[in-house]
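Encoded as structure tokens, the structure appears first; notes follow it.
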Amino acid sequence: MRTALSQFQSVCSCGSQHGRALSRRAFLAGGAAAFACTAAPLAGFLPKAYAQAKGSIIDVHHHIASPSWITALKSAKLDSPPVTNWTVEKTLEDMDKGGVGVAITSPTTPQASPFDAPTATRIARESNEFAKKLESNHPGRFGTWAMLPLPHVDESLKEIEYAFDTLKVDGVGVMTSYGDKWLGYKEFEPVWAELNRRKATVYTHPTAANCCVNLVRDIDPALIEFGTDTTRSIFTVIFSGYGEKYPDINWIWSHGGGSITAFYERFTVQSIARPPYAGKVTRAQIEKQINRFYYDTAAIPNDVTLAALAKMVPASQIVFGTDYPYRRAAEYIKPLEDFFKPDQIKMIERDNALRLVPRLKTA
């Protein structure tokens with residue numbers, strides 16, 4: 001199968017009087033510079049650049065769908081209309097309507113997790129190249145959370161190297177669990193060690209764990225299980241000690257951290273009242289991690305959830321997220337502005353994301 005790069009490969013005249021096709025070798029050698037070349041877009045996916053952004057908001061939870069990823073999902077019968085109907089035109093239109101200047105993109109669940117190592121590796125690479133091409137075709141409008149071929153650890157370490165060193169991505173986007181393994185499990189520690197070394201941002205998105213598919217009859221897992229899976233993963237990152245051991249990772253938890261606000265007492269009190277954590281972890285350690293994590297606003301634009309989140313962490317740890325194409329950016333503006341003070345809104349809509357991705361200060 002052709003790679004995503006070859007699918008949208010184009011004539012590039014950078015550094016030459018005569019246009020020449022941008023080869024994969026040139027792409028790899030040129031790294032980020034290769035994206036500065038003017039590229040003919042992939043029809044239906046990467047049209048000509050839109051006008052200047054109509055807003056200043058930075059959306060950290062915004063999904064895109066590369067052609068090769070869609071093909072893989074279809075082959076596994078895992079595709080869905082929001083994914084297969086995605087286009088960049090619709091994305092940019094929604095961003096402009098909602099005042100979003102920059103969307104940091106990632107594929108949604110299940111990413112590449114259902115596939116074997118070679119297939120997952122190819123899908124992740126093609127998806128990441130597609131996302132970076134989207135950035136170059138629309139300067140100042142997009143960022144990239146790179147997909148990793150998890151749960152395949154060795155392959156993920158290689159993709160981290162390529163994504164950061166060649167593609168110059170803004171961070172990685174991972175699922176909250178992979179089959180029956182959550183992010184705080186020891187199997188994934190090499191990934192966190194490397195990302196900590198790079199002082200990387202890790203954006204997380206919930207999924208349905210093996211244990212909990214069709215757990216409650218006729219209920220979509222996104223309605224209950226996704227929030228719970230996020231909470232399971234937060235627990236494992238804290239109580240494995242990895243949150244403390246790898247302090248230079250900036251974690252973003254989707255949907256306000258799932259159900260963590262409801263389970264706050266169980267995290268901070270009940271968990272350490274008995275083995276195996278009694279005497280090994282303190283409430284202060286737990287709360288320190290909870291308070292340094294970031295939480296996005298996707299799918300929580302209501303006073304009940306916002307009040308709980310704002311009670312748990314300061315506004316400095318809340319970032320704007322839409323969950324596009326499942327929700328629309330404009331849905332968030334009034335609920336957030338009605339709830340938070342103007343200085344807090346400024347942090348949530350832009351300033352906090354700029355701490356995570358400083359390069360966007362010029363966007």
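Starting from 1 in every chain, residues are counted up; chains themselves are A, B, ... following the order of the structure tokens, and ligands are numbered from 1 as listed.
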
**Request:** Write down as a PyMOL selection string the residues belonging to range 152-256 of chain A that are assigned helix (DSSP H, G or I) by DSSP computed on the backbone.
**Result:** chain A and resi 153-167+186-197+210-212+225-239+242-245+255-256

**Asked** What are the DSSP strand (DSSP E or B) residues of range 76-133 of chain A, as a list in words?
**Response**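 Answer for range 76-133 of chain A, restricted to strand (DSSP E or B): Val100, Gly101, Val102, Ala103, Ile104, Thr105 and Ser106 of chain A.
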
**Message:** As an exercise, work out the distance from CA of Ile348 in chain A to CA of Ile318 in chain A in Å and give it to one decimal place.
**Reply:**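 Separating CA of Ile348 in chain A from CA of Ile318 in chain A is a distance of 5.5 Å.
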
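The residue set within 9 Å of Pro82 in chain A, counting only C-alpha atoms and dropping same-chain residues fewer than 3 places from it, reads A:Asp79, A:Asn85, A:Trp86, A:Pro325, A:Tyr326.
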
Compile a residue-level contact table for range 224-246 of chain A against range 281-284 of chain A at a cut-off of 12 Å, reporting for every qualifying residue the shortest atom pair and its distance in Å to one decimal, with only C-alpha atoms counted, rows ordered by chain and ascending number, as CSV.
residue,atom,partner,partner_atom,distance
A:Ile238,CA,A:Val281,CA,9.5
A:Phe239,CA,A:Val281,CA,7.6
A:Ser240,CA,A:Val281,CA,10.0
A:Gly241,CA,A:Val281,CA,8.8
A:Glu244,CA,A:Val281,CA,11.0

Please, could you write that set of residues out with N, CA and C atoms as a compact mmCIF listing (two decimals), in the first residue's frame?
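Final file, part.txt:
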# COMPACT_ATOMS: atom_id res chain seq x y z
N ILE A 238 -0.62 7.57 38.54
CA ILE A 238 -0.27 8.11 39.86
C ILE A 238 0.27 7.00 40.77
N PHE A 239 -0.46 5.90 40.90
CA PHE A 239 -0.11 4.90 41.90
C PHE A 239 0.99 3.94 41.45
N SER A 240 1.34 3.95 40.18
CA SER A 240 2.54 3.23 39.75
C SER A 240 3.79 4.01 40.13
N GLY A 241 3.61 5.28 40.42
CA GLY A 241 4.74 6.16 40.72
C GLY A 241 5.30 6.84 39.49
N GLU A 244 5.17 10.73 39.32
CA GLU A 244 6.22 11.35 40.13
C GLU A 244 7.61 11.07 39.55

**Message:** What's the separation between CA of Cys212 in chain A and CA of Ser177 in chain A, in Å to one decimal place?
**Reply:** 11.5 Å

Enumerate, in order of chain and increasing residue number, the residues of range 242-336 of chain A with an atom no farther than 12 Å from range 52-71 of chain A, each with its shortest atom pair and distance in Å to one decimal, counting only C-alpha atoms, as a tab-separated table.
residue	atom	partner	partner_atom	distance
A:Trp251	CA	A:Val60	CA	11.9
A:Ile252	CA	A:Val60	CA	8.9
A:Trp253	CA	A:His61	CA	9.9
A:Ser254	CA	A:His61	CA	7.5
A:His255	CA	A:His61	CA	9.2
A:Gly256	CA	A:His61	CA	11.5
A:Tyr294	CA	A:Val60	CA	10.8
A:Tyr295	CA	A:Val60	CA	10.1
A:Asp296	CA	A:His61	CA	7.4
A:Thr297	CA	A:His61	CA	8.6
A:Ala298	CA	A:His61	CA	6.9
A:Ala299	CA	A:His61	CA	10.3
A:Ile318	CA	A:Val60	CA	10.7
A:Val319	CA	A:Val60	CA	7.1
A:Phe320	CA	A:Asp59	CA	5.3
A:Gly321	CA	A:His61	CA	4.4
A:Thr322	CA	A:His61	CA	5.7
A:Asp323	CA	A:His62	CA	5.3
A:Tyr324	CA	A:His62	CA	5.1
A:Pro325	CA	A:His63	CA	6.6
A:Tyr326	CA	A:His63	CA	8.8
A:Arg327	CA	A:His62	CA	9.5
A:Arg328	CA	A:His62	CA	10.0
A:Ala329	CA	A:Asp59	CA	8.5
A:Ala330	CA	A:Ile57	CA	11.2
A:Tyr332	CA	A:Asp59	CA	11.0
A:Ile333	CA	A:Ile57	CA	10.0

**Prompt:** In terms of the shortest atom-to-atom distance over only C-alpha atoms, which of A:Gln317, A:Asn291, A:Thr176, A:Thr84 is closest to Tyr264 in chain A?
**Reply:**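 The closest residue to Tyr264 in chain A is A:Asn291.
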
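For the choices A:Glu331, A:Glu126, A:Glu287, A:Glu135, the atom-to-atom distance to Val102 in chain A is smallest for A:Glu135 when using only C-alpha atoms.
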
**Asked** For the atom pair CA of Lys288 in chain A and CA of Ile345 in chain A, what is the interatomic distance in Å to one decimal place?
**Response**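 Spanning CA of Lys288 in chain A to CA of Ile345 in chain A is a straight-line distance of 23.4 Å.
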
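Within the 8 Å cut-off around Leu157 in chain A, using only C-alpha atoms and omitting residues fewer than 4 positions from it on the same chain, the listed residues are A:Val153, A:Glu161, A:Pro190, A:Val191, A:Glu194.
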
Nearby residues (only C-alpha atoms) at most 7 Å from Gly184 in chain A, same-chain spacing under 4 positions excluded, as a short mmCIF file (atom, residue, chain, number, x, y, z; two decimals) with N, CA, C and O atoms, in the first residue's frame:
data_model
loop_
_atom_site.label_atom_id
_atom_site.label_comp_id
_atom_site.auth_asym_id
_atom_site.auth_seq_id
_atom_site.Cartn_x
_atom_site.Cartn_y
_atom_site.Cartn_z
N SER A 233 -6.89 5.04 34.03
CA SER A 233 -5.54 5.33 33.57
C SER A 233 -4.85 6.36 34.46
O SER A 233 -3.67 6.23 34.79
N THR A 236 -3.60 4.59 37.51
CA THR A 236 -2.40 3.78 37.30
C THR A 236 -1.15 4.64 37.14
O THR A 236 -0.07 4.26 37.60
N VAL A 237 -1.28 5.80 36.50
CA VAL A 237 -0.12 6.68 36.34
C VAL A 237 0.32 7.23 37.70
O VAL A 237 1.52 7.31 37.98
N SER A 240 1.34 3.95 40.18
CA SER A 240 2.54 3.23 39.75
C SER A 240 3.79 4.01 40.13
O SER A 240 4.90 3.48 40.13
N TYR A 242 4.76 6.55 38.30
CA TYR A 242 5.31 7.11 37.07
C TYR A 242 5.05 8.61 36.95
O TYR A 242 5.87 9.34 36.38
#

**Message:** Please list as a list in words every residue within 9 Å of Leu148 in chain A, counting only C-alpha atoms and excluding residues in the same chain fewer than 5 positions away.
**Reply:**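 Listing them by chain and then by number gives Gln111, Ala112, Ser113, Ala120, Thr121, Ala124, Arg125, Asn128, Val153, Glu155, Ser156, Leu157, Glu159, Ile160, Val172, Gly173 and Val174 of chain A.
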
Would you save the residues from that selection as a PDB file, in the first residue's frame, using N, CA, C and O atoms?
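Result file follows (part39.pdb):
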ATOM      1  N   GLN A 111      -7.283   4.431  17.268  1.00  0.00           N
ATOM      2  CA  GLN A 111      -5.974   4.687  16.686  1.00  0.00           C
ATOM      3  C   GLN A 111      -5.465   3.420  15.985  1.00  0.00           C
ATOM      4  O   GLN A 111      -6.170   2.844  15.174  1.00  0.00           O
ATOM      5  N   ALA A 112      -4.240   2.983  16.294  1.00  0.00           N
ATOM      6  CA  ALA A 112      -3.698   1.806  15.610  1.00  0.00           C
ATOM      7  C   ALA A 112      -3.701   0.575  16.510  1.00  0.00           C
ATOM      8  O   ALA A 112      -3.128  -0.456  16.171  1.00  0.00           O
ATOM      9  N   SER A 113      -4.361   0.668  17.657  1.00  0.00           N
ATOM     10  CA  SER A 113      -4.259  -0.389  18.666  1.00  0.00           C
ATOM     11  C   SER A 113      -4.788  -1.769  18.247  1.00  0.00           C
ATOM     12  O   SER A 113      -4.300  -2.769  18.757  1.00  0.00           O
ATOM     13  N   ALA A 120       0.353  -1.533  12.558  1.00  0.00           N
ATOM     14  CA  ALA A 120       0.226  -0.374  13.440  1.00  0.00           C
ATOM     15  C   ALA A 120       1.329   0.641  13.178  1.00  0.00           C
ATOM     16  O   ALA A 120       1.090   1.860  13.192  1.00  0.00           O
ATOM     17  N   THR A 121       2.529   0.152  12.929  1.00  0.00           N
ATOM     18  CA  THR A 121       3.659   1.034  12.645  1.00  0.00           C
ATOM     19  C   THR A 121       3.427   1.825  11.369  1.00  0.00           C
ATOM     20  O   THR A 121       3.661   3.041  11.322  1.00  0.00           O
ATOM     21  N   ALA A 124       0.556   4.442  11.928  1.00  0.00           N
ATOM     22  CA  ALA A 124       1.007   5.580  12.727  1.00  0.00           C
ATOM     23  C   ALA A 124       1.884   6.515  11.901  1.00  0.00           C
ATOM     24  O   ALA A 124       1.709   7.750  11.928  1.00  0.00           O
ATOM     25  N   ARG A 125       2.827   5.957  11.161  1.00  0.00           N
ATOM     26  CA  ARG A 125       3.723   6.774  10.345  1.00  0.00           C
ATOM     27  C   ARG A 125       2.941   7.576   9.298  1.00  0.00           C
ATOM     28  O   ARG A 125       3.151   8.780   9.127  1.00  0.00           O
ATOM     29  N   ASN A 128       0.855  10.357  10.908  1.00  0.00           N
ATOM     30  CA  ASN A 128       1.662  11.483  11.383  1.00  0.00           C
ATOM     31  C   ASN A 128       2.168  12.333  10.223  1.00  0.00           C
ATOM     32  O   ASN A 128       2.202  13.576  10.320  1.00  0.00           O
ATOM     33  N   VAL A 153       5.717  -1.497  22.017  1.00  0.00           N
ATOM     34  CA  VAL A 153       6.602  -0.534  22.669  1.00  0.00           C
ATOM     35  C   VAL A 153       7.834  -0.212  21.832  1.00  0.00           C
ATOM     36  O   VAL A 153       8.166   0.966  21.636  1.00  0.00           O
ATOM     37  N   GLU A 155       8.349  -0.449  18.664  1.00  0.00           N
ATOM     38  CA  GLU A 155       7.939   0.299  17.481  1.00  0.00           C
ATOM     39  C   GLU A 155       7.545   1.731  17.852  1.00  0.00           C
ATOM     40  O   GLU A 155       7.792   2.674  17.094  1.00  0.00           O
ATOM     41  N   SER A 156       6.952   1.890  19.030  1.00  0.00           N
ATOM     42  CA  SER A 156       6.568   3.231  19.478  1.00  0.00           C
ATOM     43  C   SER A 156       7.778   4.093  19.769  1.00  0.00           C
ATOM     44  O   SER A 156       7.792   5.297  19.487  1.00  0.00           O
ATOM     45  N   LEU A 157       8.819   3.503  20.325  1.00  0.00           N
ATOM     46  CA  LEU A 157      10.047   4.257  20.586  1.00  0.00           C
ATOM     47  C   LEU A 157      10.669   4.759  19.284  1.00  0.00           C
ATOM     48  O   LEU A 157      11.163   5.893  19.214  1.00  0.00           O
ATOM     49  N   GLU A 159       8.963   5.394  16.529  1.00  0.00           N
ATOM     50  CA  GLU A 159       8.087   6.437  15.990  1.00  0.00           C
ATOM     51  C   GLU A 159       8.230   7.740  16.766  1.00  0.00           C
ATOM     52  O   GLU A 159       8.126   8.824  16.184  1.00  0.00           O
ATOM     53  N   ILE A 160       8.497   7.650  18.059  1.00  0.00           N
ATOM     54  CA  ILE A 160       8.763   8.858  18.840  1.00  0.00           C
ATOM     55  C   ILE A 160       9.974   9.587  18.264  1.00  0.00           C
ATOM     56  O   ILE A 160       9.960  10.813  18.085  1.00  0.00           O
ATOM     57  N   VAL A 172       2.535  13.753  21.725  1.00  0.00           N
ATOM     58  CA  VAL A 172       1.945  12.501  21.255  1.00  0.00           C
ATOM     59  C   VAL A 172       0.514  12.397  21.778  1.00  0.00           C
ATOM     60  O   VAL A 172       0.155  12.981  22.796  1.00  0.00           O
ATOM     61  N   GLY A 173      -0.287  11.647  21.040  1.00  0.00           N
ATOM     62  CA  GLY A 173      -1.649  11.357  21.462  1.00  0.00           C
ATOM     63  C   GLY A 173      -1.809   9.866  21.642  1.00  0.00           C
ATOM     64  O   GLY A 173      -1.545   9.090  20.714  1.00  0.00           O
ATOM     65  N   VAL A 174      -2.214   9.416  22.816  1.00  0.00           N
ATOM     66  CA  VAL A 174      -2.318   7.990  23.107  1.00  0.00           C
ATOM     67  C   VAL A 174      -3.706   7.671  23.649  1.00  0.00           C
ATOM     68  O   VAL A 174      -4.445   8.552  24.099  1.00  0.00           O
TER      69      VAL A 174
END

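Excluding Met347 in chain A itself and any same-chain residue fewer than 5 positions from it, the protein and nucleic acid residues within 7 Å of it, counting only C-alpha atoms, are Ala315, Ser316 and Asn352 of chain A.
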
Residues as selected, C-alpha atoms, written as a JSON list (two decimals), in the first residue's frame, can you do that?
[["chain", "number", "residue", "atom", "x", "y", "z"],
["A", 315, "ALA", "CA", -7.88, 27.23, 35.86],
["A", 316, "SER", "CA", -4.18, 27.06, 34.99],
["A", 352, "ASN", "CA", -2.37, 27.23, 29.12]]

**Given only C-alpha atoms as the counted atoms, nearest of A:Trp192, A:Lys280, A:Thr144, A:Pro114 to Asn210 in chain A** =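 That would be A:Pro114, the residue with the smallest distance to Asn210 in chain A.
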